[in-house]
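Text of the file run.txt, holding compact mmCIF, N, CA and C atoms:
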```txt
# COMPACT_ATOMS: atom_id res chain seq x y z
N LEU Y 1 0.85 -1.19 0.00
CA LEU Y 1 0.00 0.00 0.00
C LEU Y 1 0.88 1.24 0.00
N ARG Y 2 0.44 2.22 -0.70
CA ARG Y 2 1.15 3.49 -0.69
C ARG Y 2 0.14 4.59 -0.40
N ARG Y 3 0.63 5.65 0.19
CA ARG Y 3 -0.23 6.76 0.60
C ARG Y 3 -0.36 7.75 -0.55
N LYS Y 4 -1.57 8.18 -0.82
CA LYS Y 4 -1.83 9.15 -1.90
C LYS Y 4 -2.97 10.05 -1.46
N ASP Y 5 -2.65 11.31 -1.26
CA ASP Y 5 -3.66 12.31 -0.87
C ASP Y 5 -4.49 11.87 0.34
N GLU Y 6 -3.79 11.48 1.42
CA GLU Y 6 -4.41 11.06 2.66
C GLU Y 6 -5.24 9.78 2.53
N LEU Y 7 -5.17 9.09 1.40
CA LEU Y 7 -5.84 7.81 1.20
C LEU Y 7 -4.77 6.77 0.89
N PHE Y 8 -5.10 5.52 1.06
CA PHE Y 8 -4.17 4.46 0.73
C PHE Y 8 -4.60 3.81 -0.58
N ALA Y 9 -3.62 3.51 -1.41
CA ALA Y 9 -3.90 2.85 -2.68
C ALA Y 9 -3.01 1.62 -2.79
N LEU Y 10 -3.48 0.62 -3.50
CA LEU Y 10 -2.73 -0.61 -3.70
C LEU Y 10 -1.59 -0.36 -4.68
N ASP Y 11 -0.38 -0.74 -4.29
CA ASP Y 11 0.78 -0.60 -5.16
C ASP Y 11 0.86 -1.86 -6.02
N GLU Y 12 0.27 -1.81 -7.19
CA GLU Y 12 0.16 -2.99 -8.05
C GLU Y 12 1.53 -3.45 -8.55
N THR Y 13 2.46 -2.56 -8.72
CA THR Y 13 3.81 -2.95 -9.16
C THR Y 13 4.49 -3.80 -8.08
N ALA Y 14 4.38 -3.37 -6.83
CA ALA Y 14 4.97 -4.12 -5.73
C ALA Y 14 4.26 -5.47 -5.57
N LEU Y 15 2.96 -5.49 -5.74
CA LEU Y 15 2.20 -6.73 -5.65
C LEU Y 15 2.63 -7.72 -6.73
N GLU Y 16 2.81 -7.25 -7.93
CA GLU Y 16 3.25 -8.12 -9.03
C GLU Y 16 4.67 -8.63 -8.78
N ALA Y 17 5.55 -7.80 -8.27
CA ALA Y 17 6.91 -8.23 -7.95
C ALA Y 17 6.91 -9.31 -6.88
N PHE Y 18 6.06 -9.16 -5.89
CA PHE Y 18 5.94 -10.17 -4.83
C PHE Y 18 5.42 -11.48 -5.40
N ARG Y 19 4.41 -11.42 -6.27
CA ARG Y 19 3.85 -12.63 -6.89
C ARG Y 19 4.91 -13.37 -7.68
N VAL Y 20 5.69 -12.67 -8.48
CA VAL Y 20 6.75 -13.28 -9.29
C VAL Y 20 7.80 -13.92 -8.39
N GLN Y 21 8.17 -13.22 -7.32
CA GLN Y 21 9.16 -13.76 -6.38
C GLN Y 21 8.66 -15.06 -5.75
N GLN Y 22 7.40 -15.11 -5.36
CA GLN Y 22 6.84 -16.31 -4.73
C GLN Y 22 6.78 -17.48 -5.71
N LEU Y 23 6.49 -17.21 -6.96
CA LEU Y 23 6.42 -18.27 -7.96
C LEU Y 23 7.79 -18.84 -8.28
N ARG Y 24 8.82 -18.05 -8.16
CA ARG Y 24 10.17 -18.51 -8.48
C ARG Y 24 10.83 -19.26 -7.33
N ARG Y 25 10.28 -19.13 -6.13
CA ARG Y 25 10.84 -19.86 -4.98
C ARG Y 25 10.69 -21.35 -5.19
N PRO Y 26 11.72 -22.11 -4.91
CA PRO Y 26 11.56 -23.57 -5.03
C PRO Y 26 10.56 -24.08 -4.00
N ARG Y 27 9.71 -24.98 -4.43
CA ARG Y 27 8.72 -25.56 -3.52
C ARG Y 27 9.39 -26.58 -2.63
N GLU Y 28 9.04 -26.53 -1.37
CA GLU Y 28 9.57 -27.50 -0.42
C GLU Y 28 8.69 -28.74 -0.46
N PHE Y 29 9.33 -29.90 -0.42
CA PHE Y 29 8.58 -31.14 -0.36
C PHE Y 29 9.39 -32.15 0.43
N PHE Y 30 8.71 -33.18 0.83
CA PHE Y 30 9.31 -34.21 1.66
C PHE Y 30 9.72 -35.40 0.80
N THR Y 31 10.92 -35.89 1.04
CA THR Y 31 11.40 -37.10 0.39
C THR Y 31 11.38 -38.22 1.43
N PRO Y 32 10.56 -39.24 1.20
CA PRO Y 32 10.48 -40.34 2.16
C PRO Y 32 11.82 -41.07 2.28
N PRO Y 33 12.09 -41.65 3.44
CA PRO Y 33 13.35 -42.37 3.64
C PRO Y 33 13.46 -43.60 2.74
N ALA Y 34 14.68 -43.98 2.45
CA ALA Y 34 14.95 -45.09 1.52
C ALA Y 34 14.48 -46.44 2.06
N TYR Y 35 14.32 -46.59 3.37
CA TYR Y 35 13.91 -47.88 3.92
C TYR Y 35 12.45 -48.23 3.61
N LEU Y 36 11.67 -47.27 3.14
CA LEU Y 36 10.27 -47.55 2.80
C LEU Y 36 10.16 -48.17 1.42
N SER Y 37 9.17 -49.04 1.26
CA SER Y 37 8.88 -49.58 -0.07
C SER Y 37 8.36 -48.45 -0.95
N HIS Y 38 8.34 -48.67 -2.24
CA HIS Y 38 7.82 -47.64 -3.16
C HIS Y 38 6.37 -47.31 -2.82
N GLU Y 39 5.58 -48.33 -2.54
CA GLU Y 39 4.16 -48.13 -2.23
C GLU Y 39 4.00 -47.30 -0.95
N ASP Y 40 4.76 -47.63 0.09
CA ASP Y 40 4.70 -46.86 1.34
C ASP Y 40 5.18 -45.43 1.12
N ALA Y 41 6.22 -45.26 0.33
CA ALA Y 41 6.76 -43.92 0.07
C ALA Y 41 5.73 -43.03 -0.61
N VAL Y 42 4.96 -43.58 -1.54
CA VAL Y 42 3.91 -42.81 -2.22
C VAL Y 42 2.87 -42.35 -1.20
N ILE Y 43 2.49 -43.22 -0.30
CA ILE Y 43 1.49 -42.88 0.73
C ILE Y 43 2.04 -41.81 1.66
N ILE Y 44 3.27 -41.99 2.14
CA ILE Y 44 3.86 -41.04 3.08
C ILE Y 44 4.06 -39.68 2.42
N ARG Y 45 4.45 -39.66 1.17
CA ARG Y 45 4.64 -38.38 0.46
C ARG Y 45 3.35 -37.57 0.45
N LYS Y 46 2.21 -38.26 0.32
CA LYS Y 46 0.92 -37.57 0.31
C LYS Y 46 0.52 -37.05 1.69
N LEU Y 47 0.94 -37.76 2.74
CA LEU Y 47 0.52 -37.40 4.10
C LEU Y 47 1.49 -36.46 4.81
N ALA Y 48 2.74 -36.38 4.35
CA ALA Y 48 3.79 -35.67 5.09
C ALA Y 48 3.93 -34.21 4.67
N ALA Y 49 4.23 -33.40 5.66
CA ALA Y 49 4.60 -32.00 5.44
C ALA Y 49 6.08 -31.97 5.03
N PRO Y 50 6.59 -30.83 4.55
CA PRO Y 50 7.99 -30.75 4.15
C PRO Y 50 8.99 -31.17 5.23
N ASP Y 51 8.62 -31.03 6.50
CA ASP Y 51 9.54 -31.42 7.59
C ASP Y 51 9.45 -32.90 7.96
N GLY Y 52 8.57 -33.65 7.29
CA GLY Y 52 8.42 -35.07 7.57
C GLY Y 52 7.34 -35.41 8.57
N SER Y 53 6.77 -34.40 9.22
CA SER Y 53 5.65 -34.65 10.13
C SER Y 53 4.41 -34.97 9.28
N LEU Y 54 3.40 -35.52 9.92
CA LEU Y 54 2.18 -35.87 9.20
C LEU Y 54 1.20 -34.71 9.22
N LYS Y 55 0.74 -34.31 8.05
CA LYS Y 55 -0.23 -33.23 7.96
C LYS Y 55 -1.58 -33.68 8.52
N ARG Y 56 -1.86 -34.95 8.33
CA ARG Y 56 -3.09 -35.53 8.85
C ARG Y 56 -2.85 -37.02 9.07
N LEU Y 57 -3.69 -37.60 9.89
CA LEU Y 57 -3.60 -39.03 10.12
C LEU Y 57 -4.42 -39.76 9.06
N PRO Y 58 -3.99 -40.95 8.68
CA PRO Y 58 -4.68 -41.66 7.60
C PRO Y 58 -6.05 -42.17 8.03
N ARG Y 59 -6.85 -42.53 7.02
CA ARG Y 59 -8.19 -43.07 7.27
C ARG Y 59 -8.25 -44.56 6.99
N GLN Y 60 -7.42 -45.02 6.07
CA GLN Y 60 -7.46 -46.42 5.63
C GLN Y 60 -6.38 -47.24 6.32
N LEU Y 61 -6.65 -48.52 6.54
CA LEU Y 61 -5.70 -49.40 7.20
C LEU Y 61 -4.39 -49.49 6.41
N LYS Y 62 -4.47 -49.55 5.10
CA LYS Y 62 -3.27 -49.62 4.26
C LYS Y 62 -2.37 -48.40 4.50
N GLN Y 63 -2.98 -47.23 4.61
CA GLN Y 63 -2.22 -46.01 4.89
C GLN Y 63 -1.65 -46.04 6.30
N TRP Y 64 -2.43 -46.53 7.26
CA TRP Y 64 -1.95 -46.63 8.64
C TRP Y 64 -0.70 -47.50 8.72
N MET Y 65 -0.72 -48.63 8.03
CA MET Y 65 0.42 -49.53 8.07
C MET Y 65 1.66 -48.86 7.48
N ALA Y 66 1.50 -48.08 6.43
CA ALA Y 66 2.63 -47.33 5.85
C ALA Y 66 3.16 -46.32 6.86
N VAL Y 67 2.27 -45.63 7.55
CA VAL Y 67 2.67 -44.64 8.56
C VAL Y 67 3.43 -45.33 9.69
N LEU Y 68 2.94 -46.46 10.15
CA LEU Y 68 3.60 -47.17 11.24
C LEU Y 68 4.99 -47.67 10.82
N ARG Y 69 5.12 -48.15 9.60
CA ARG Y 69 6.44 -48.58 9.11
C ARG Y 69 7.38 -47.39 8.96
N TYR Y 70 6.84 -46.23 8.67
CA TYR Y 70 7.62 -44.99 8.57
C TYR Y 70 8.13 -44.55 9.95
N ILE Y 71 7.27 -44.67 10.95
CA ILE Y 71 7.59 -44.21 12.31
C ILE Y 71 8.49 -45.19 13.07
N LEU Y 72 8.29 -46.46 12.87
CA LEU Y 72 8.92 -47.50 13.69
C LEU Y 72 10.44 -47.35 13.87
N PRO Y 73 11.22 -46.97 12.87
CA PRO Y 73 12.68 -46.90 13.06
C PRO Y 73 13.18 -45.93 14.13
N VAL Y 74 12.33 -45.04 14.65
CA VAL Y 74 12.79 -44.17 15.73
C VAL Y 74 12.96 -44.94 17.04
N PHE Y 75 12.42 -46.15 17.09
CA PHE Y 75 12.56 -47.00 18.27
C PHE Y 75 13.66 -48.03 18.03
N GLU Y 76 14.64 -48.02 18.90
CA GLU Y 76 15.77 -48.94 18.78
C GLU Y 76 15.37 -50.34 19.25
N PRO Y 77 15.67 -51.37 18.46
CA PRO Y 77 15.39 -52.73 18.94
C PRO Y 77 16.17 -53.01 20.22
N GLY Y 78 15.50 -53.60 21.19
CA GLY Y 78 16.14 -53.93 22.46
C GLY Y 78 16.12 -52.83 23.49
N ALA Y 79 15.77 -51.62 23.10
CA ALA Y 79 15.70 -50.50 24.05
C ALA Y 79 14.36 -50.50 24.74
N SER Y 80 14.34 -49.96 25.95
CA SER Y 80 13.13 -49.85 26.75
C SER Y 80 12.77 -48.37 26.87
N TYR Y 81 11.50 -48.05 26.76
CA TYR Y 81 11.03 -46.66 26.78
C TYR Y 81 9.90 -46.49 27.78
N THR Y 82 9.87 -45.33 28.43
CA THR Y 82 8.71 -44.96 29.24
C THR Y 82 7.67 -44.39 28.29
N GLU Y 83 6.44 -44.26 28.77
CA GLU Y 83 5.40 -43.66 27.94
C GLU Y 83 5.77 -42.24 27.55
N LYS Y 84 6.37 -41.51 28.47
CA LYS Y 84 6.80 -40.14 28.19
C LYS Y 84 7.83 -40.11 27.06
N GLN Y 85 8.77 -41.04 27.07
CA GLN Y 85 9.78 -41.11 26.01
C GLN Y 85 9.15 -41.48 24.67
N VAL Y 86 8.21 -42.41 24.69
CA VAL Y 86 7.50 -42.80 23.47
C VAL Y 86 6.77 -41.59 22.90
N ASN Y 87 6.05 -40.88 23.75
CA ASN Y 87 5.32 -39.68 23.30
C ASN Y 87 6.26 -38.64 22.73
N SER Y 88 7.41 -38.46 23.35
CA SER Y 88 8.38 -37.50 22.87
C SER Y 88 8.87 -37.86 21.46
N LEU Y 89 9.12 -39.13 21.23
CA LEU Y 89 9.55 -39.58 19.89
C LEU Y 89 8.43 -39.44 18.87
N LEU Y 90 7.21 -39.75 19.27
CA LEU Y 90 6.07 -39.69 18.34
C LEU Y 90 5.65 -38.26 18.03
N MET Y 91 5.91 -37.33 18.94
CA MET Y 91 5.52 -35.92 18.74
C MET Y 91 6.15 -35.35 17.47
N ARG Y 92 7.29 -35.87 17.07
CA ARG Y 92 7.96 -35.41 15.85
C ARG Y 92 7.08 -35.67 14.61
N PHE Y 93 6.20 -36.67 14.72
CA PHE Y 93 5.38 -37.05 13.58
C PHE Y 93 3.98 -36.45 13.60
N HIS Y 94 3.38 -36.38 14.80
CA HIS Y 94 2.02 -35.83 14.91
C HIS Y 94 1.71 -35.55 16.37
N ALA Y 95 0.87 -34.57 16.62
CA ALA Y 95 0.53 -34.18 17.99
C ALA Y 95 -0.31 -35.24 18.70
N ASP Y 96 -1.05 -36.05 17.96
CA ASP Y 96 -1.89 -37.06 18.59
C ASP Y 96 -1.04 -38.31 18.85
N THR Y 97 -0.19 -38.22 19.87
CA THR Y 97 0.72 -39.32 20.17
C THR Y 97 -0.02 -40.54 20.70
N ALA Y 98 -1.16 -40.34 21.35
CA ALA Y 98 -1.91 -41.47 21.92
C ALA Y 98 -2.39 -42.40 20.82
N VAL Y 99 -2.90 -41.86 19.73
CA VAL Y 99 -3.41 -42.73 18.66
C VAL Y 99 -2.24 -43.41 17.94
N LEU Y 100 -1.14 -42.72 17.74
CA LEU Y 100 0.03 -43.36 17.13
C LEU Y 100 0.55 -44.50 18.02
N ARG Y 101 0.67 -44.21 19.29
CA ARG Y 101 1.15 -45.21 20.25
C ARG Y 101 0.21 -46.42 20.28
N ARG Y 102 -1.09 -46.17 20.30
CA ARG Y 102 -2.08 -47.25 20.35
C ARG Y 102 -1.97 -48.13 19.11
N PHE Y 103 -1.85 -47.53 17.91
CA PHE Y 103 -1.74 -48.32 16.69
C PHE Y 103 -0.44 -49.14 16.68
N LEU Y 104 0.65 -48.56 17.16
CA LEU Y 104 1.92 -49.31 17.21
C LEU Y 104 1.80 -50.53 18.13
N VAL Y 105 1.13 -50.36 19.25
CA VAL Y 105 0.94 -51.47 20.19
C VAL Y 105 -0.05 -52.48 19.64
N ASP Y 106 -1.19 -52.00 19.12
CA ASP Y 106 -2.23 -52.90 18.62
C ASP Y 106 -1.76 -53.75 17.45
N THR Y 107 -0.84 -53.24 16.64
CA THR Y 107 -0.33 -54.01 15.50
C THR Y 107 0.84 -54.90 15.89
N GLY Y 108 1.29 -54.81 17.14
CA GLY Y 108 2.39 -55.64 17.59
C GLY Y 108 3.77 -55.11 17.25
N MET Y 109 3.85 -53.91 16.75
CA MET Y 109 5.15 -53.32 16.43
C MET Y 109 5.89 -52.87 17.69
N LEU Y 110 5.12 -52.37 18.66
CA LEU Y 110 5.68 -52.04 19.97
C LEU Y 110 5.05 -52.96 21.00
N GLY Y 111 5.88 -53.44 21.93
CA GLY Y 111 5.37 -54.17 23.08
C GLY Y 111 5.11 -53.20 24.20
N ARG Y 112 4.24 -53.60 25.14
CA ARG Y 112 3.87 -52.71 26.24
C ARG Y 112 3.57 -53.55 27.48
N GLU Y 113 4.09 -53.10 28.61
CA GLU Y 113 3.72 -53.72 29.88
C GLU Y 113 2.24 -53.43 30.12
N ARG Y 114 1.55 -54.33 30.80
CA ARG Y 114 0.12 -54.16 31.06
C ARG Y 114 -0.20 -52.84 31.76
N ASP Y 115 0.69 -52.41 32.64
CA ASP Y 115 0.45 -51.16 33.37
C ASP Y 115 0.94 -49.92 32.60
N GLY Y 116 1.47 -50.11 31.41
CA GLY Y 116 1.93 -48.97 30.60
C GLY Y 116 3.23 -48.36 31.06
N SER Y 117 3.94 -49.05 31.97
CA SER Y 117 5.17 -48.48 32.52
C SER Y 117 6.37 -48.61 31.58
N ARG Y 118 6.27 -49.51 30.60
CA ARG Y 118 7.42 -49.72 29.73
C ARG Y 118 6.95 -50.14 28.34
N TYR Y 119 7.65 -49.64 27.33
CA TYR Y 119 7.39 -49.96 25.94
C TYR Y 119 8.71 -50.41 25.30
N TRP Y 120 8.62 -51.22 24.26
CA TRP Y 120 9.81 -51.65 23.54
C TRP Y 120 9.42 -52.03 22.12
N ARG Y 121 10.40 -51.96 21.24
CA ARG Y 121 10.17 -52.38 19.86
C ARG Y 121 10.26 -53.91 19.82
N GLU Y 122 9.23 -54.51 19.27
CA GLU Y 122 9.19 -55.97 19.19
C GLU Y 122 10.26 -56.46 18.21
N LEU Y 123 10.90 -57.55 18.53
CA LEU Y 123 11.89 -58.14 17.64
C LEU Y 123 11.20 -58.60 16.36
N GLY Y 124 11.87 -58.39 15.24
CA GLY Y 124 11.30 -58.78 13.96
C GLY Y 124 10.38 -57.73 13.35
N SER Y 125 10.16 -56.63 14.04
CA SER Y 125 9.30 -55.58 13.45
C SER Y 125 10.15 -54.39 13.05
```

Same coordinates, now as structure tokens:
Amino acid sequence: LRRKDELFALDETALEAFRVQQLRRPREFFTPPAYLSHEDAVIIRKLAAPDGSLKRLPRQLKQWMAVLRYILPVFEPGASYTEKQVNSLLMRFHADTAVLRRFLVDTGMLGRERDGSRYWRELGS
């Protein structure tokens, strides 16, 4: 905006320069990790923000399984985690850590003590 006779007017030249600058900026996108299958990578690319976090949680079981395989490597085989540590690791992917944690446990990818005091990555997953 520029001032003209005590009124404000739109500076169309500046607006056009800004538009051109924005169009020339390289678009940011996420590249899925190499450990994912091609099919999983396609799904994760659609769900992930440029930083690798999930823009939204999936609706279909096939998509959920791809998400879980994407997340699982943050857990070291043989390591033991508290619920707080699990939530901290999952927060990198999505704010709803409870649903991510629940799906990891329900699919058998993470083991869990009955009282929730300890979690671990299941061998072979």

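The interatomic distance for the pair atom CA of Phe18 of chain Y and atom CA of Ala49 of chain Y works out to 24.2 Å.
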
task: Would you work out the distance separating atom C of Leu57 of chain Y from atom C of Ala98 of chain Y, expressed in Å to one decimal?
output: 12.2 Å

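Picture a line from atom CA of Ala66 of chain Y to atom CA of Val42 of chain Y; it runs 9.3 Å.
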
message: Taking 2 positions as the minimum chain separation for residues in the same chain, which residues sit within 7 Å of segment 20-35 of chain Y when counting only C-alpha atoms? Answer as an MDAnalysis selection string.
response: chainID Y and resid 16:18 37 41 44:45 48:52

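For the set Y:His94, Y:Arg118, Y:His38, Y:Arg112, the residue with the smallest atom-to-atom gap to Pro58 of chain Y is Y:His94, counting only C-alpha atoms.
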
task: Using DSSP on the backbone, list every residue of chain Y that comes out as strand (DSSP E), and give them as a PyMOL selection string.
output: chain Y and resi 2-4+7-9+80-81+110-112+119-121

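Residues in contact with Ala95 of chain Y at 12 Å, where only C-alpha atoms are counted and same-chain residues fewer than 3 positions away are skipped, are listed as Ser53, Leu54, Lys55, Arg56, Leu57, Asn87, Ser88, Leu89, Leu90, Met91, Arg92, Ala98, Val99, Leu100 and Arg101 of chain Y.
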
task: Give the answer as one residue: which of Y:Asp40, Y:Arg114, Y:Lys46, Y:Ile71 has the shortest atom-to-atom distance to Thr97 of chain Y, using only C-alpha atoms?
output: Y:Ile71

May I have the residues within 12 Å of Leu61 of chain Y as a compact mmCIF listing (two decimals) with N, CA and C atoms, keeping the file's coordinate frame, using only C-alpha atoms and disregarding those fewer than 6 positions away in the same chain?
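Okay, this is what ended up in part36.txt:
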```txt
# COMPACT_ATOMS: atom_id res chain seq x y z
N ILE Y 43 2.49 -43.22 -0.30
CA ILE Y 43 1.49 -42.88 0.73
C ILE Y 43 2.04 -41.81 1.66
N VAL Y 67 2.27 -45.63 7.55
CA VAL Y 67 2.67 -44.64 8.56
C VAL Y 67 3.43 -45.33 9.69
N LEU Y 68 2.94 -46.46 10.15
CA LEU Y 68 3.60 -47.17 11.24
C LEU Y 68 4.99 -47.67 10.82
N PHE Y 103 -1.85 -47.53 17.91
CA PHE Y 103 -1.74 -48.32 16.69
C PHE Y 103 -0.44 -49.14 16.68
N THR Y 107 -0.84 -53.24 16.64
CA THR Y 107 -0.33 -54.01 15.50
C THR Y 107 0.84 -54.90 15.89
```

message: Using DSSP secondary structure from the backbone, list all helix (DSSP H, G or I) positions within chain Y, as a ChimeraX atom specification.
response: /Y:12-24,38-47,61-74,83-91,97-106
